[in-house]
Amino acid sequence: MILRPDRTPAGLCRISVRALASVAALNVALAAAPPRVEAQATGSPAGEARAVERIAAGLTWRLIGPAISGGRIADLEVVPGTQSHIYVGAASGGVWKSVNHGTTWTPIFDDAANLSIGDIALAPSDPLEVWVGTGEPNNRNSSPWGEGVYHSSDGGKTWRLTGLEETRHIGRIVVHPTDPDVVWVAALGHLFGPNPERGVYRTTDRGETWQKVLHIDDDTGFVDLALNPADPSVLYAAAYQRRRRAWGFAGGGPGGGIYRSTDGGDSWAEVTEGLPEGDKGRIGLAVSGRDPALVMAVVEAEEGGIFVSRDRGESWTRVNELNQRPMYYSQLRIDPNDEERVWLVAGSLHRSGDGGENFEALPMEIEYNTGVHVDHHDMWIDPGDSRHMILGNDGGLYSTWDGGDHWTFIGNIPIAQFYDIDLDLADPYHVYGGLQDNNSYRGPSRTRRYQGIMNRDWQVLDYGDGMYAETDWSDLGTVYVTSQNAGIVRVNLATGDRKALKPFPPDTTVSYRFDWKSPILVSPHDASRVYLGGNRLFISGDRGESWRATDDLTRQIHQDSLELMGMRPDSTTLSKHDGASGYGEITAVAESPVEQGVLWIGADDGSVRVSRDGGGTWEDLTDRVAAAAGLPFPYYVSWVETSHAAAGRAYVSLDGHWDDDYRPLAVVTEDYGDTWRSLDRGTTWAPLGSGLPAVPVDDIEIHPRENDIVLGTHGRAIWILDDISPLSQGSAAVATNDAAVQLFAPRPAALFLYRNDVPSMGQGSFRAENPAFGANIDYRLAEATDDGVSIEVLDGDGRQVRTLGGPGAAGLNRVTWDLRHDPLPHDTTRYEVPSLDAGPAGPFVLAGTFTVRLSAGGETREQSLEVRPDPELPVSAEERLARHEFTMTLFDLQRVAYERGIEAYDLERRASDVLEALEGAEEVAPEDLDRARELADEIEQVADDWRSLNSDIRNWWTGLRGKFDGGVSTTGSLAGPSDDHRRRLEQIRGEAEAASARLDTALEETAPQLDALLSPPERII
């Protein structure tokens, strides 16, 4: 739970520009329909907003992973005095907590409106006091921003937003060692523009109020803080001046430096003796726990490196010039048990045994893509045993118990950062996508496995920073994927063969530029035609074997001609253009699915162009788009989406965050770009579905057959909203509000059995959910009903096979029918459940056409539903019928065993009560007591007969029902019965008839005889 001050617009925090960066996202939110359905907005905007919100809220998102490779870890903390209680902050995936050494994890920050984590801090005096600063400090071109500082007093169960929302990126939080009310925060401020909310902040009342105690200017924030553990009035702060824009990055300036306070932050002074002169970039700080006079810093500067102070920061000495990619790392750690052992946490993990004089890079990745991932951002060293460390990097989380010689990957945190996804037309379909610094993957949308979707179900397709994936819709065995800067390959899925296809200039007079995330597209008209975006559009008619290049389609502005923080970058600029290798590169490519050859491109410099002749000639639409969006200059084009209904209609989304503008911006044209208007199809908005955390969404796809929405998130892997067909079916009724009750046409459902094909793997393996088994029954209620709804399922002959209840909430509701007949009663207060019980569920129905009947508020609605046989199981219709008849007969026998079993068990309990009463009575003849015991034994034997029969029927391991339906984690069979099955059924039937006769005798004769042995006032039977 998150508590917010009234000043925070919680609803607006749910909308992120990154989520709107793809017009596919806008299509979902606005049209609420599959790709080929474009509903016009009509009716009252306020009423429609309420209706849309109620419909959209009735669906639930499903995470499918993977956790096979992590996303970027920004910070990790371990509760002092433990090795098992771990907090992990993901750069864009929230906060996760483990209390068992990482065996299992719980996301504890998902109610927050922003999941980009900069730093986590635990109060040394009370580890239940937890602080989280949102907004990662690592300056990437893909870095998301935060919304302030949160506090929890119960170990992360509940959270309170304390303020500092406009600081956007938090570098470090430090809590006073003995007074948890006192906290200091290093706030970087906006990455993409100037703002005053940056500096060092302090609270003395646990975040009720904040005071800015150190500020340099509107371009300079603070990236690190360190505290003297022996004297918390002494603090060190690292000032950092940096700016990123779409065209480049400047990672330093005159504002950078190290500051020290000796009065708890009331006053500060810059320390300079021995430190580099001139501009400084990112600085990382560390104070020794054993010798607080020892302070170390890794400093980005022309004469930068690693510096040591042995007099509490008064003077410094450079001991090593090592500083690997400072804008992205700059983390130092001093071993709490040996101040001579120092670690530089960077691209590689560097270890020193002599206080930083010399370093060795640990050989953690012996061969590429094996061992431990590179690009490290935080490391915890166990104060009780320095051989035990936990490491967070771009690949996720690792632990070592031998000082870093060997590491274990903790592969059960789904924080993957996808840039793009695509879907194929297999059944079930696969999801493809590229991960930030973690390869490109392919995985299933669902499995037939009892455990769900596991890491083992995902397949690496290509390496590097995975970017775009495009399936060949004419060939399920081929996919195109790209890595950074247009490293395009065509992959044979059967063999893994990867053919590199990146265009190469014809001679030295021609230059090609490619964006970090260069888009690719397979034509919807001709699967042999492939498009690749650079500064030109590259067009192939032979699946990438050869390319035709257009002219340069960008504004051709060199990145060094544009200012960053008032200066043009030059050779002296620190971390110059890190993460921005070029400018003026295509970022979006689209072709109209309605009219072949109508092509659209968008670029990082705001260029928008259209071609109506397959790329031969182009019209520049850049200024028209900027004017329609009301922009002072062209913004970065995040996507172009073409209409599936009109050839001249296209949507363009603009990503203003590069220019420190966080509004959702999108425009639409109906006439091939001649005129544009702001996107009026977004008049009403509603959160789509429930269960999805507020994570950046980089791509959205809608499966054309299944009507599933699939999200590629940049921080929480891939999510699916199963079966959104009610949204498109409901559009007309929502707009006109003419139906109090609406039952939507259900998607066909298939019968199959889950399998268990993995061994017992403990509780630490990642498992994602499959979709709910069966048929989704979706309905909309205009008004809530306290009595809920009634649902009947009828077979082709009109016989009722199932009755279900459903919620009566206003809006969209979903009930899933498991394709079974009505279950048996299951009164466990009277029925003794047999060992390994298969349960009371009814048999599967026979595949065919059914009628779903909904009754609500005195109204009735009907829809037809098709239930299909298992498409992968070669069983004839005759055999399916034989199985159905057999299982129905078995179910009738199971009902008899349940009902008569309850009679027998009730009788046995009553007989036991009589015997107990006789044994406790004062005057009972010995022969009467002996006789009572004989009669009670006879009744017990009758009850045992029914225990045996119920087990023979219902035990999923040895029982007859288990041979067909399996158990909770075992597989049965959808095939017909064998001769042995039939003989066994007849044997059980005969045993049941005999047991039933014995039960009747016990009820009519044995029980009255036993009861008669009691004196009349004591009789209980």
# chains A, B, ... in the order shown; residues from 1 in each chain; ligands from 1

call {"tool": "closest_atom_pairs", "arguments": {"of": "range 517-590 of chain A", "to": "range 291-301 of chain A", "cutoff": "10 Å", "atoms": "only C-alpha atoms", "output": "tab-separated table"}}
result
residue	atom	partner	partner_atom	distance
A:Thr572	CA	A:Ala301	CA	9.7
A:Thr573	CA	A:Ala301	CA	9.7
A:Leu574	CA	A:Ala301	CA	7.1
A:Ser575	CA	A:Glu300	CA	8.8

call {"tool": "residues_around", "arguments": {"residues": "range 652-660 of chain A", "least_positions_apart": "2", "cutoff": "9 Å", "atoms": "only C-alpha atoms", "output": "MDAnalysis selection string"}}
result
chainID A and resid 17:18 20:23 26 190:194 244:247 602 606 608 625 629 634:642 650 662:669

call {"tool": "closest_atom_pairs", "arguments": {"of": "range 261-339 of chain A", "to": "range 176-188 of chain A", "cutoff": "12 Å", "atoms": "only C-alpha atoms", "output": "tab-separated table"}}
result
residue	atom	partner	partner_atom	distance
A:Ser261	CA	A:Trp184	CA	11.9
A:Gly264	CA	A:Trp184	CA	9.2
A:Gly265	CA	A:Trp184	CA	8.4
A:Asp266	CA	A:Trp184	CA	11.5
A:Arg282	CA	A:Leu188	CA	10.9
A:Gly284	CA	A:Ala186	CA	12.0

call {"tool": "residues_around", "arguments": {"residues": "Ala943 in chain A", "least_positions_apart": "5", "cutoff": "7 Å", "atoms": "only C-alpha atoms", "output": "list of chain:residue names"}}
result
A:Gly901, A:Ala904, A:Tyr905, A:Glu908

call {"tool": "atom_distance", "arguments": {"atom1": "CA of Val345 in chain A", "atom2": "CA of Leu128 in chain A"}}
result
27.5 Å

call {"tool": "residues_around", "arguments": {"residues": "Trp618 in chain A", "least_positions_apart": "5", "cutoff": "12 Å", "atoms": "only C-alpha atoms", "output": "list in words"}}
result
Arg536, Leu537, Thr550, Asp551, Asp552, Leu553, Thr554, Gly597, Val598, Leu599, Trp600, Ile601, Ser607, Val608, Arg609, Val610, Ser611, Arg612, Asp613, Tyr672 and Gly673 of chain A

call {"tool": "closest_residue", "arguments": {"among": "A:Gly966, A:Pro336, A:Pro823, A:Gly347", "to": "Leu322 in chain A", "atoms": "only C-alpha atoms"}}
result
A:Gly347

call {"tool": "closest_residue", "arguments": {"among": "A:Ala897, A:Leu435, A:Gln596, A:Arg933", "to": "Asp913 in chain A", "atoms": "only C-alpha atoms"}}
result
A:Arg933

call {"tool": "closest_residue", "arguments": {"among": "A:Ala782, A:Ala768, A:Ala694, A:Val852", "to": "Ala739 in chain A", "atoms": "only C-alpha atoms"}}
result
A:Ala782

call {"tool": "residues_around", "arguments": {"residues": "range 218-220 of chain A", "least_positions_apart": "6", "cutoff": "8 Å", "atoms": "only C-alpha atoms", "output": "list in words"}}
result
Leu188, Gly189, Gly193, Pro194, Asn195, Pro196, Glu197, Arg198, Gly199, Ala239, Tyr240, Gln241, Arg242, Arg243, Gly255, Gly256 and Met565 of chain A

call {"tool": "closest_atom_pairs", "arguments": {"of": "range 680-762 of chain A", "to": "range 105-111 of chain A", "cutoff": "9 Å", "atoms": "only C-alpha atoms", "output": "tab-separated table"}}
result
residue	atom	partner	partner_atom	distance
A:Leu692	CA	A:Asp110	CA	8.5
A:Pro693	CA	A:Asp110	CA	5.4
A:Ala694	CA	A:Asp110	CA	7.2
A:Val695	CA	A:Asp110	CA	8.9

call {"tool": "residues_around", "arguments": {"residues": "His101 in chain A", "least_positions_apart": "3", "cutoff": "10 Å", "atoms": "only C-alpha atoms", "output": "PyMOL selection string"}}
result
chain A and resi 78+82-86+97-98+104-105+399+410

call {"tool": "write_last_selection", "arguments": {"atoms": "C-alpha atoms", "output": "compact mmCIF listing (two decimals), in the first residue's frame"}}
result
# COMPACT_ATOMS: atom_id res chain seq x y z
CA VAL A 78 21.03 -6.73 3.20
CA THR A 82 21.53 -11.43 8.51
CA GLN A 83 22.63 -12.96 5.26
CA SER A 84 19.12 -13.94 4.25
CA HIS A 85 17.05 -10.73 4.24
CA ILE A 86 17.85 -8.98 0.97
CA LYS A 97 12.60 -8.63 -1.03
CA SER A 98 13.83 -12.08 -0.06
CA THR A 104 12.07 -16.71 -3.30
CA TRP A 105 11.30 -13.05 -3.90
CA SER A 399 26.21 -14.28 -5.20
CA ILE A 410 19.85 -15.84 -8.97

call {"tool": "closest_residue", "arguments": {"among": "A:Ala994, A:Ala847, A:Ile68, A:Leu935", "to": "Gln459 in chain A", "atoms": "only C-alpha atoms"}}
result
A:Ile68

call {"tool": "select_by_dssp", "arguments": {"residues": "range 576-628 of chain A", "states": "strand (DSSP E or B)", "output": "short mmCIF file (atom, residue, chain, number, x, y, z; two decimals) with C-alpha atoms, in the first residue's frame"}}
result
data_model
loop_
_atom_site.label_atom_id
_atom_site.label_comp_id
_atom_site.auth_asym_id
_atom_site.auth_seq_id
_atom_site.Cartn_x
_atom_site.Cartn_y
_atom_site.Cartn_z
CA ILE A 586 15.30 6.62 -38.24
CA THR A 587 13.48 5.39 -35.14
CA ALA A 588 10.17 4.26 -36.67
CA VAL A 589 9.17 2.49 -39.89
CA ALA A 590 5.65 1.58 -40.98
CA GLU A 591 3.90 0.38 -44.11
CA LEU A 599 5.67 3.94 -46.27
CA TRP A 600 6.21 6.16 -43.23
CA ILE A 601 9.36 6.93 -41.27
CA GLY A 602 10.06 8.91 -38.12
CA ALA A 603 13.47 9.86 -36.74
CA VAL A 608 8.47 12.52 -40.37
CA ARG A 609 8.20 11.51 -44.03
CA VAL A 610 5.81 9.56 -46.21
CA SER A 611 6.32 7.75 -49.52
CA GLU A 619 7.36 14.03 -48.73
CA ASP A 620 8.70 15.83 -45.66
#

call {"tool": "residues_around", "arguments": {"residues": "Gly689 in chain A", "least_positions_apart": "5", "cutoff": "8 Å", "atoms": "only C-alpha atoms", "output": "NGL selection string"}}
result
:A and (56-61 or 721)

call {"tool": "write_last_selection", "arguments": {"atoms": "N, CA and C atoms", "output": "PDB file, in the first residue's frame"}}
result
ATOM      1  N   ALA A  56     -12.584  -2.004 -18.931  1.00  0.00           N
ATOM      2  CA  ALA A  56     -11.155  -2.308 -18.962  1.00  0.00           C
ATOM      3  C   ALA A  56     -10.677  -2.929 -17.662  1.00  0.00           C
ATOM      4  N   ALA A  57     -11.291  -2.569 -16.547  1.00  0.00           N
ATOM      5  CA  ALA A  57     -10.833  -3.067 -15.252  1.00  0.00           C
ATOM      6  C   ALA A  57     -11.187  -4.520 -15.021  1.00  0.00           C
ATOM      7  N   GLY A  58     -12.056  -5.088 -15.849  1.00  0.00           N
ATOM      8  CA  GLY A  58     -12.498  -6.456 -15.608  1.00  0.00           C
ATOM      9  C   GLY A  58     -11.542  -7.527 -16.077  1.00  0.00           C
ATOM     10  N   LEU A  59     -10.389  -7.159 -16.614  1.00  0.00           N
ATOM     11  CA  LEU A  59      -9.417  -8.118 -17.120  1.00  0.00           C
ATOM     12  C   LEU A  59      -8.148  -8.041 -16.278  1.00  0.00           C
ATOM     13  N   THR A  60      -7.399  -9.139 -16.260  1.00  0.00           N
ATOM     14  CA  THR A  60      -6.218  -9.217 -15.404  1.00  0.00           C
ATOM     15  C   THR A  60      -4.990  -9.574 -16.221  1.00  0.00           C
ATOM     16  N   TRP A  61      -3.921  -8.814 -16.039  1.00  0.00           N
ATOM     17  CA  TRP A  61      -2.663  -9.072 -16.728  1.00  0.00           C
ATOM     18  C   TRP A  61      -1.973 -10.296 -16.171  1.00  0.00           C
ATOM     19  N   LEU A 721      -2.492  -9.757 -21.585  1.00  0.00           N
ATOM     20  CA  LEU A 721      -3.894  -9.607 -21.213  1.00  0.00           C
ATOM     21  C   LEU A 721      -4.674 -10.535 -22.130  1.00  0.00           C
TER      22      LEU A 721
END

call {"tool": "atom_distance", "arguments": {"atom1": "CA of Arg868 in chain A", "atom2": "CA of Arg446 in chain A"}}
result
17.5 Å
